[in-house]
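Colleague: Supplied structure: input_38.pdb, PDB, C-alpha atoms.
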```
ATOM      1  CA  MET I   5      11.339   8.143   3.599
ATOM      2  CA  LYS I   6      13.930   9.354   1.078
ATOM      3  CA  ALA I   7      13.281   6.530  -1.389
ATOM      4  CA  LEU I   8       9.528   7.058  -1.248
ATOM      5  CA  GLY I   9      10.073  10.759  -1.746
ATOM      6  CA  LEU I  10      12.112  10.115  -4.882
ATOM      7  CA  ILE I  11       9.334   7.966  -6.339
ATOM      8  CA  LEU I  12       6.740  10.642  -5.633
ATOM      9  CA  PHE I  13       9.011  13.317  -7.086
ATOM     10  CA  GLY I  14       9.413  11.233 -10.212
ATOM     11  CA  LEU I  15       5.643  10.884 -10.565
ATOM     12  CA  VAL I  16       5.209  14.639 -10.218
ATOM     13  CA  LEU I  17       7.928  15.192 -12.827
ATOM     14  CA  ILE I  18       6.277  12.772 -15.259
ATOM     15  CA  THR I  19       2.909  14.436 -14.719
ATOM     16  CA  ALA I  20       4.391  17.872 -15.259
ATOM     17  CA  CYS I  21       6.150  16.850 -18.446
ATOM     18  CA  GLY I  22       2.964  15.269 -19.738
ATOM     19  CA  ASN I  23       0.856  18.430 -19.302
ATOM     20  CA  LYS I  24      -0.091  19.731 -22.724
ATOM     21  CA  ASP I  25      -0.321  23.267 -21.358
ATOM     22  CA  ASP I  26       3.338  23.395 -20.323
ATOM     23  CA  ASN I  27       5.650  25.182 -22.723
ATOM     24  CA  VAL I  28       8.420  22.644 -22.263
ATOM     25  CA  ASN I  29      10.725  21.647 -25.100
ATOM     26  CA  LEU I  30      11.443  18.041 -24.217
ATOM     27  CA  THR I  31      14.115  17.796 -26.895
ATOM     28  CA  GLU I  32      16.181  20.501 -25.222
ATOM     29  CA  THR I  33      15.531  19.487 -21.612
ATOM     30  CA  SER I  34      15.665  15.696 -21.890
ATOM     31  CA  LEU I  35      17.753  13.944 -19.228
ATOM     32  CA  PHE I  36      18.226  10.843 -21.388
ATOM     33  CA  THR I  37      19.442   9.997 -24.864
ATOM     34  CA  ARG I  38      18.965   6.831 -26.912
ATOM     35  CA  ASP I  39      21.981   4.836 -28.030
ATOM     36  CA  GLY I  40      20.134   3.478 -31.049
ATOM     37  CA  GLN I  41      20.282  -0.195 -30.084
ATOM     38  CA  PRO I  42      18.529  -2.286 -27.434
ATOM     39  CA  ILE I  43      20.685  -3.294 -24.469
ATOM     40  CA  TYR I  44      18.941  -6.653 -24.305
ATOM     41  CA  GLU I  45      16.779  -8.726 -26.626
ATOM     42  CA  SER I  46      14.754 -11.786 -25.696
ATOM     43  CA  PRO I  47      15.336 -14.827 -27.932
ATOM     44  CA  PHE I  48      11.525 -14.985 -28.276
ATOM     45  CA  GLY I  49      11.109 -11.323 -29.185
ATOM     46  CA  LEU I  50       9.205 -10.359 -26.042
ATOM     47  CA  ALA I  51      10.920  -8.389 -23.272
ATOM     48  CA  ALA I  52       8.553  -5.836 -21.743
ATOM     49  CA  ASP I  53       8.020  -3.855 -18.528
ATOM     50  CA  PRO I  54      11.648  -3.810 -17.309
ATOM     51  CA  SER I  55      12.329  -3.352 -13.605
ATOM     52  CA  VAL I  56      15.893  -3.051 -12.267
ATOM     53  CA  LEU I  57      17.203  -3.878  -8.790
ATOM     54  CA  ILE I  58      20.736  -3.093  -7.590
ATOM     55  CA  GLN I  59      22.102  -5.601  -5.092
ATOM     56  CA  ASN I  60      25.786  -5.358  -4.123
ATOM     57  CA  ASP I  61      27.712  -5.268  -7.426
ATOM     58  CA  THR I  62      24.984  -6.887  -9.503
ATOM     59  CA  LEU I  63      22.081  -5.418 -11.422
ATOM     60  CA  PHE I  64      19.014  -7.638 -11.746
ATOM     61  CA  MET I  65      16.569  -6.800 -14.518
ATOM     62  CA  TYR I  66      13.149  -8.436 -14.469
ATOM     63  CA  TYR I  67      10.835  -8.303 -17.455
ATOM     64  CA  SER I  68       7.568  -9.709 -18.776
ATOM     65  CA  ALA I  69       8.366 -12.693 -21.004
ATOM     66  CA  GLU I  70       6.508 -15.415 -22.848
ATOM     67  CA  GLY I  71       6.726 -17.898 -19.978
ATOM     68  CA  GLY I  72       6.309 -15.552 -17.027
ATOM     69  CA  ILE I  73       8.640 -13.043 -15.376
ATOM     70  CA  ALA I  74      12.221 -13.438 -16.641
ATOM     71  CA  VAL I  75      15.518 -12.166 -15.215
ATOM     72  CA  VAL I  76      18.898 -11.129 -16.619
ATOM     73  CA  LEU I  77      21.998  -9.885 -14.787
ATOM     74  CA  SER I  78      24.622  -7.210 -15.370
ATOM     75  CA  LEU I  79      28.024  -6.827 -13.709
ATOM     76  CA  ASP I  80      29.077  -3.699 -15.628
ATOM     77  CA  ASP I  81      26.508  -1.101 -14.572
ATOM     78  CA  GLY I  82      23.895  -2.187 -17.075
ATOM     79  CA  VAL I  83      25.961  -2.032 -20.252
ATOM     80  CA  THR I  84      25.735  -5.752 -21.012
ATOM     81  CA  TRP I  85      23.229  -8.294 -19.714
ATOM     82  CA  MET I  86      23.433 -12.064 -19.373
ATOM     83  CA  ARG I  87      20.969 -14.798 -18.550
ATOM     84  CA  PRO I  88      21.640 -16.951 -15.477
ATOM     85  CA  ASN I  89      23.451 -20.208 -16.282
ATOM     86  CA  ASN I  90      24.149 -18.807 -19.773
ATOM     87  CA  SER I  91      20.701 -19.977 -20.794
ATOM     88  CA  SER I  92      19.900 -19.786 -24.492
ATOM     89  CA  GLU I  93      16.265 -19.029 -23.647
ATOM     90  CA  ASP I  94      14.577 -16.547 -21.341
ATOM     91  CA  PHE I  95      15.467 -17.483 -17.783
ATOM     92  CA  ILE I  96      12.076 -17.489 -16.081
ATOM     93  CA  ALA I  97      12.298 -16.286 -12.488
ATOM     94  CA  LEU I  98       8.580 -16.863 -11.850
ATOM     95  CA  GLN I  99       6.682 -19.315 -14.025
ATOM     96  CA  ARG I 100       3.175 -18.817 -15.285
ATOM     97  CA  ALA I 101       0.957 -21.746 -14.331
ATOM     98  CA  ALA I 102      -2.234 -22.797 -16.071
ATOM     99  CA  ASP I 103      -4.047 -23.792 -12.890
ATOM    100  CA  TYR I 104      -3.472 -20.533 -10.977
ATOM    101  CA  TRP I 105      -5.536 -17.345 -10.850
ATOM    102  CA  ASP I 106      -2.460 -15.642 -12.408
ATOM    103  CA  ASN I 107      -1.663 -17.810 -15.400
ATOM    104  CA  THR I 108      -0.427 -14.668 -17.144
ATOM    105  CA  LEU I 109       2.196 -12.530 -15.362
ATOM    106  CA  GLU I 110       3.307  -8.976 -16.130
ATOM    107  CA  THR I 111       4.809  -5.756 -14.718
ATOM    108  CA  ALA I 112       6.901  -7.112 -11.847
ATOM    109  CA  GLU I 113       8.727  -5.065  -9.215
ATOM    110  CA  VAL I 114      11.385  -6.752  -7.063
ATOM    111  CA  ILE I 115      12.822  -5.393  -3.831
ATOM    112  CA  TYR I 116      15.255  -6.766  -1.260
ATOM    113  CA  ASP I 117      14.113  -6.138   2.298
ATOM    114  CA  GLY I 118      17.305  -7.263   4.026
ATOM    115  CA  THR I 119      16.100 -10.836   4.398
ATOM    116  CA  GLU I 120      14.764 -11.981   1.036
ATOM    117  CA  PHE I 121      13.868 -10.822  -2.446
ATOM    118  CA  LYS I 122      10.190 -10.036  -2.905
ATOM    119  CA  MET I 123       8.512  -9.874  -6.301
ATOM    120  CA  TYR I 124       5.252  -7.974  -6.570
ATOM    121  CA  TYR I 125       3.572  -8.542  -9.921
ATOM    122  CA  SER I 126       0.338  -8.187 -11.853
ATOM    123  CA  GLY I 127      -1.445 -11.388 -12.797
ATOM    124  CA  TYR I 128      -4.676 -12.564 -14.340
ATOM    125  CA  ARG I 129      -6.303 -15.665 -15.762
ATOM    126  CA  GLU I 130      -6.361 -15.118 -19.501
ATOM    127  CA  GLY I 131      -9.790 -15.053 -21.076
ATOM    128  CA  GLU I 132     -11.752 -14.624 -17.842
ATOM    129  CA  SER I 133     -12.096 -10.847 -17.795
ATOM    130  CA  ASP I 134     -15.447  -9.375 -16.781
ATOM    131  CA  ASN I 135     -14.889  -6.442 -19.162
ATOM    132  CA  PRO I 136     -13.797  -6.592 -22.820
ATOM    133  CA  ASN I 137     -11.486  -3.589 -22.484
ATOM    134  CA  VAL I 138      -9.000  -4.985 -19.955
ATOM    135  CA  GLU I 139      -8.040  -8.228 -18.211
ATOM    136  CA  ASN I 140      -8.691  -8.709 -14.481
ATOM    137  CA  TYR I 141      -5.172  -7.822 -13.313
ATOM    138  CA  GLU I 142      -4.538  -8.104  -9.570
ATOM    139  CA  ILE I 143      -1.410  -8.101  -7.386
ATOM    140  CA  GLY I 144       0.515 -11.217  -6.339
ATOM    141  CA  LEU I 145       3.716 -11.872  -4.375
ATOM    142  CA  ALA I 146       6.575 -14.331  -4.814
ATOM    143  CA  VAL I 147       9.816 -14.612  -2.819
ATOM    144  CA  SER I 148      13.404 -15.741  -3.432
ATOM    145  CA  ASP I 149      16.655 -16.235  -1.543
ATOM    146  CA  ASP I 150      18.879 -15.386  -4.514
ATOM    147  CA  GLY I 151      16.839 -13.072  -6.735
ATOM    148  CA  ILE I 152      16.974 -15.646  -9.535
ATOM    149  CA  THR I 153      14.266 -18.226  -8.811
ATOM    150  CA  PHE I 154      11.008 -17.179  -7.152
ATOM    151  CA  SER I 155       8.119 -19.085  -5.603
ATOM    152  CA  ARG I 156       4.661 -17.754  -4.855
ATOM    153  CA  ILE I 157       3.818 -17.361  -1.196
ATOM    154  CA  GLN I 158       0.861 -19.519  -0.208
ATOM    155  CA  GLU I 159      -1.514 -16.563  -0.242
ATOM    156  CA  SER I 160      -0.605 -15.934  -3.891
ATOM    157  CA  VAL I 161      -1.161 -19.570  -4.776
ATOM    158  CA  ASP I 162      -4.687 -19.261  -3.471
ATOM    159  CA  GLY I 163      -5.329 -15.794  -4.911
ATOM    160  CA  PRO I 164      -3.982 -12.242  -5.172
ATOM    161  CA  ILE I 165      -2.581 -10.560  -2.075
ATOM    162  CA  ILE I 166      -4.338  -7.339  -3.138
ATOM    163  CA  SER I 167      -7.591  -7.595  -5.055
ATOM    164  CA  ARG I 168      -9.570  -5.153  -7.149
ATOM    165  CA  ASP I 169     -12.313  -3.212  -5.388
ATOM    166  CA  THR I 170     -15.415  -4.660  -7.037
ATOM    167  CA  ALA I 171     -17.927  -3.137  -4.636
ATOM    168  CA  ASN I 172     -19.530  -1.309  -7.572
ATOM    169  CA  GLU I 173     -18.848  -0.362 -11.182
ATOM    170  CA  ASN I 174     -17.245   2.986 -10.314
ATOM    171  CA  THR I 175     -14.450   2.091  -7.883
ATOM    172  CA  LEU I 176     -11.073   3.356  -9.055
ATOM    173  CA  ASP I 177      -9.512  -0.088  -9.578
ATOM    174  CA  ARG I 178     -12.710  -1.948 -10.458
ATOM    175  CA  HIS I 179     -11.270  -3.604 -13.552
ATOM    176  CA  ALA I 180      -7.486  -3.902 -13.122
ATOM    177  CA  MET I 181      -4.474  -3.306 -10.887
ATOM    178  CA  THR I 182      -1.176  -3.114 -12.791
ATOM    179  CA  SER I 183       2.453  -1.940 -12.572
ATOM    180  CA  PRO I 184       3.083  -2.128  -8.809
ATOM    181  CA  GLY I 185       6.005  -0.112  -7.476
ATOM    182  CA  VAL I 186       7.168  -0.916  -3.940
ATOM    183  CA  VAL I 187       9.467   0.750  -1.413
ATOM    184  CA  PHE I 188      10.484  -0.794   1.930
ATOM    185  CA  GLU I 189      11.319   1.953   4.413
ATOM    186  CA  ASN I 190      11.770   1.712   8.197
ATOM    187  CA  GLY I 191       9.798  -1.503   8.479
ATOM    188  CA  THR I 192       6.885  -0.402   6.289
ATOM    189  CA  TYR I 193       6.074  -1.391   2.700
ATOM    190  CA  TYR I 194       4.696   1.332   0.439
ATOM    191  CA  MET I 195       3.074   0.435  -2.883
ATOM    192  CA  ILE I 196       1.869   2.554  -5.770
ATOM    193  CA  TYR I 197       0.054   0.966  -8.706
ATOM    194  CA  ALA I 198      -2.096   1.793 -11.710
ATOM    195  CA  GLY I 199      -5.808   1.358 -11.048
ATOM    196  CA  TRP I 200      -8.128   0.904 -14.023
ATOM    197  CA  ASN I 201     -11.810   1.680 -14.411
ATOM    198  CA  VAL I 202     -13.271   1.183 -17.883
ATOM    199  CA  THR I 203     -16.971   1.381 -17.037
ATOM    200  CA  ASP I 204     -19.294   2.056 -19.956
ATOM    201  CA  GLN I 205     -16.530   1.946 -22.549
ATOM    202  CA  TRP I 206     -14.370   4.466 -20.642
ATOM    203  CA  THR I 207     -17.263   6.934 -20.184
ATOM    204  CA  GLY I 208     -18.305   6.128 -16.589
ATOM    205  CA  PRO I 209     -17.973   8.764 -13.830
ATOM    206  CA  ASN I 210     -14.650   7.304 -12.591
ATOM    207  CA  ALA I 211     -13.408   5.850 -15.877
ATOM    208  CA  GLY I 212      -9.662   6.159 -16.439
ATOM    209  CA  ILE I 213      -6.262   4.932 -15.289
ATOM    210  CA  ARG I 214      -4.895   6.439 -12.090
ATOM    211  CA  ILE I 215      -1.888   6.091  -9.798
ATOM    212  CA  LEU I 216      -3.190   4.681  -6.504
TER
END
```
Can you give me the file's structure in the form of structure tokens?

Modeller:
Amino acid sequence: MKALGLILFGLVLITACGNKDDNVNLTETSLFTRDGQPIYESPFGLAADPSVLIQNDTLFMYYSAEGGIAVVLSLDDGVTWMRPNNSSEDFIALQRAADYWDNTLETAEVIYDGTEFKMYYSGYREGESDNPNVENYEIGLAVSDDGITFSRIQESVDGPIISRDTANENTLDRHAMTSPGVVFENGTYYMIYAGWNVTDQWTGPNAGIRIL
């Protein structure tokens, strides 16, 4: 459970640092510094929601791109990044597809469970939201043998593997499920994600974004 514990510790740390009542000088206590330049730029100007996986001596970085979820690789501890096959365009690891429930893909997390690479991602069909404040994000799954090219499992072709709770207007993830984070530990998969409720223009009794 060490990996899961680290994730939970990180969430507590983020929450603590974000508390307006804490007298914390983030400038003096910051663990990170900027180097002033991006480490990677998409040729199309869109590279969002990075997620990094370490596998043997290779770093895989997955990001939200124009055509789906893209991937780049690093062999020098993340200093420089390259696209598979020296592609001049984003190398799309999982394609968006117009005829699927998830024709727009974002916020992917990839793990290796000892057998295959598994990509958990947020997807929605653009323009079909039932609320003007957020799209109907839900969670899908795609798999890969090499971490480069992914295919949806059949359940994700047919629909999300985890759906929003639409039992009523006040469920915690009524309107969206985004940013999945997954840990595989001792045969069990643990997922945290952001659940959205935007009822009554963010004024409903459970309105907000929460870690679930």

Colleague: Between atom CA of I:Leu63 and atom CA of I:Gly151, measure the distance and give it in Å to one decimal.

Modeller: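 Atom CA of I:Gly151 lies at a distance of 10.4 Å from atom CA of I:Leu63.
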
Colleague: Counting all atoms listed in the file, note down every residue that has an atom within 9 Å of the point (-16.3, -0.3, -19.3) (file coordinates), as a PDB file with C-alpha atoms, in the frame of the given file.

Modeller:
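And here's selection-v6.pdb as it stands now:
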```
ATOM      1  CA  ASN I 135     -14.889  -6.442 -19.162  1.00  0.00           C
ATOM      2  CA  PRO I 136     -13.797  -6.592 -22.820  1.00  0.00           C
ATOM      3  CA  ASN I 137     -11.486  -3.589 -22.484  1.00  0.00           C
ATOM      4  CA  VAL I 138      -9.000  -4.985 -19.955  1.00  0.00           C
ATOM      5  CA  GLU I 173     -18.848  -0.362 -11.182  1.00  0.00           C
ATOM      6  CA  HIS I 179     -11.270  -3.604 -13.552  1.00  0.00           C
ATOM      7  CA  ASN I 201     -11.810   1.680 -14.411  1.00  0.00           C
ATOM      8  CA  VAL I 202     -13.271   1.183 -17.883  1.00  0.00           C
ATOM      9  CA  THR I 203     -16.971   1.381 -17.037  1.00  0.00           C
ATOM     10  CA  ASP I 204     -19.294   2.056 -19.956  1.00  0.00           C
ATOM     11  CA  GLN I 205     -16.530   1.946 -22.549  1.00  0.00           C
ATOM     12  CA  TRP I 206     -14.370   4.466 -20.642  1.00  0.00           C
ATOM     13  CA  THR I 207     -17.263   6.934 -20.184  1.00  0.00           C
ATOM     14  CA  GLY I 208     -18.305   6.128 -16.589  1.00  0.00           C
ATOM     15  CA  ALA I 211     -13.408   5.850 -15.877  1.00  0.00           C
TER      16      ALA I 211
END
```

Colleague: Could you list, with a cut-off of 12 Å and counting all atoms listed in the file, the residues of stretch 121-147 of chain I near stretch 93-101 of chain I, each shown with its nearest atom pair and the distance in Å rounded to one decimal, rows sorted by chain and ascending number, as JSON lines?

Modeller:
```
{"residue": "I:Phe121", "atom": "CA", "partner": "I:Ala97", "partner_atom": "CA", "distance": 11.5}
{"residue": "I:Lys122", "atom": "CA", "partner": "I:Leu98", "partner_atom": "CA", "distance": 11.4}
{"residue": "I:Met123", "atom": "CA", "partner": "I:Leu98", "partner_atom": "CA", "distance": 8.9}
{"residue": "I:Tyr124", "atom": "CA", "partner": "I:Leu98", "partner_atom": "CA", "distance": 10.9}
{"residue": "I:Tyr125", "atom": "CA", "partner": "I:Leu98", "partner_atom": "CA", "distance": 9.9}
{"residue": "I:Ser126", "atom": "CA", "partner": "I:Arg100", "partner_atom": "CA", "distance": 11.5}
{"residue": "I:Gly127", "atom": "CA", "partner": "I:Arg100", "partner_atom": "CA", "distance": 9.1}
{"residue": "I:Tyr128", "atom": "CA", "partner": "I:Arg100", "partner_atom": "CA", "distance": 10.1}
{"residue": "I:Arg129", "atom": "CA", "partner": "I:Ala101", "partner_atom": "CA", "distance": 9.6}
{"residue": "I:Glu130", "atom": "CA", "partner": "I:Arg100", "partner_atom": "CA", "distance": 11.1}
{"residue": "I:Gly144", "atom": "CA", "partner": "I:Leu98", "partner_atom": "CA", "distance": 11.3}
{"residue": "I:Leu145", "atom": "CA", "partner": "I:Leu98", "partner_atom": "CA", "distance": 10.2}
{"residue": "I:Ala146", "atom": "CA", "partner": "I:Leu98", "partner_atom": "CA", "distance": 7.7}
{"residue": "I:Val147", "atom": "CA", "partner": "I:Leu98", "partner_atom": "CA", "distance": 9.4}
```

Colleague: Tell me which residues the PyMOL selection byres ((chain I and resi 149) around 6) grabs here, as a PyMOL selection string.

Modeller: chain I and resi 120+148+150

Colleague: Go through I:Leu109, I:Ala180, I:Val161, I:Ala171 and flag the residue nearest I:Ser133, using all atoms listed in the file for the distances.

Modeller: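 Answer, going by the shortest atom-to-atom distance: I:Ala180.
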
Colleague: Env of I:Met195: 7 Å cut, atoms = only C-alpha atoms, seq-sep filter 5 positions within chain, self excluded. Answer as a ChimeraX atom specification.

Modeller: /I:184-187

Colleague: Export, as a CSV table (one decimal), in the frame of the given file, the selected residues with C-alpha atoms.

Modeller:
```csv
chain,number,residue,atom,x,y,z
I,184,PRO,CA,3.1,-2.1,-8.8
I,185,GLY,CA,6.0,-0.1,-7.5
I,186,VAL,CA,7.2,-0.9,-3.9
I,187,VAL,CA,9.5,0.8,-1.4
```

Colleague: Between atom CA of I:Gly191 and atom CA of I:Asn60, what distance in Å does the model show, to one decimal?

Modeller: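 We find that atom CA of I:Gly191 and atom CA of I:Asn60 lie 20.7 Å from each other.
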
Colleague: For the provided coordinates, the residues matched by the PyMOL selection byres ((chain I and resi 212-215) around 6) should be stated as a list of chain:residue names.

Modeller: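 So the PyMOL selection byres ((chain I and resi 212-215) around 6) ends up selecting I:Tyr197, I:Ala198, I:Gly199, I:Trp200, I:Asn201, I:Ala211, I:Leu216.
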
Colleague: What does the distance from atom CA of I:Tyr141 to atom CA of I:Asp177 come to in Å, to one decimal?

Modeller: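 Atom-to-atom, atom CA of I:Tyr141 to atom CA of I:Asp177, that is 9.6 Å.
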
Colleague: Within 7 Å of I:Ser55, counting only C-alpha atoms, which residues qualify if same-chain residues fewer than 4 places away don't, as a list of chain:residue names?

Modeller: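 Everything that qualifies: I:Met65, I:Tyr66, I:Tyr67, I:Ala112, I:Glu113.
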
Colleague: Using all atoms listed in the file, find the one residue out of I:Thr153, I:Asp162, I:Pro209, I:Glu139 that sits nearest to I:Thr182.

Modeller: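 Selected residue with least distance to I:Thr182: I:Glu139.
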
Colleague: If you count all atoms listed in the file, which residues fall within 12 Å of I:Asn90, apart from same-chain ones fewer than 4 positions away, as a list in words?

Modeller: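 Those residues are Val75, Val76, Leu77, Trp85, Met86, Asp94 and Phe95 of chain I.
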
Colleague: Here is a test: counting all atoms listed in the file, which residue of I:Ile196, I:Ile73, I:Leu57, I:Leu176 is nearest to I:Thr108?

Modeller: I:Ile73

Colleague: Output, as AutoDock Vina command-line options, the centre and edge lengths in Å (one decimal) of the axis-aligned box that contains all listed atoms of stretch 176-191 of chain I with 8 Å of margin on each side.

Modeller:
```
--center_x -0.5 --center_y -0.3 --center_z -2.5 --size_x 40.5 --size_y 23.3 --size_z 38.0
```
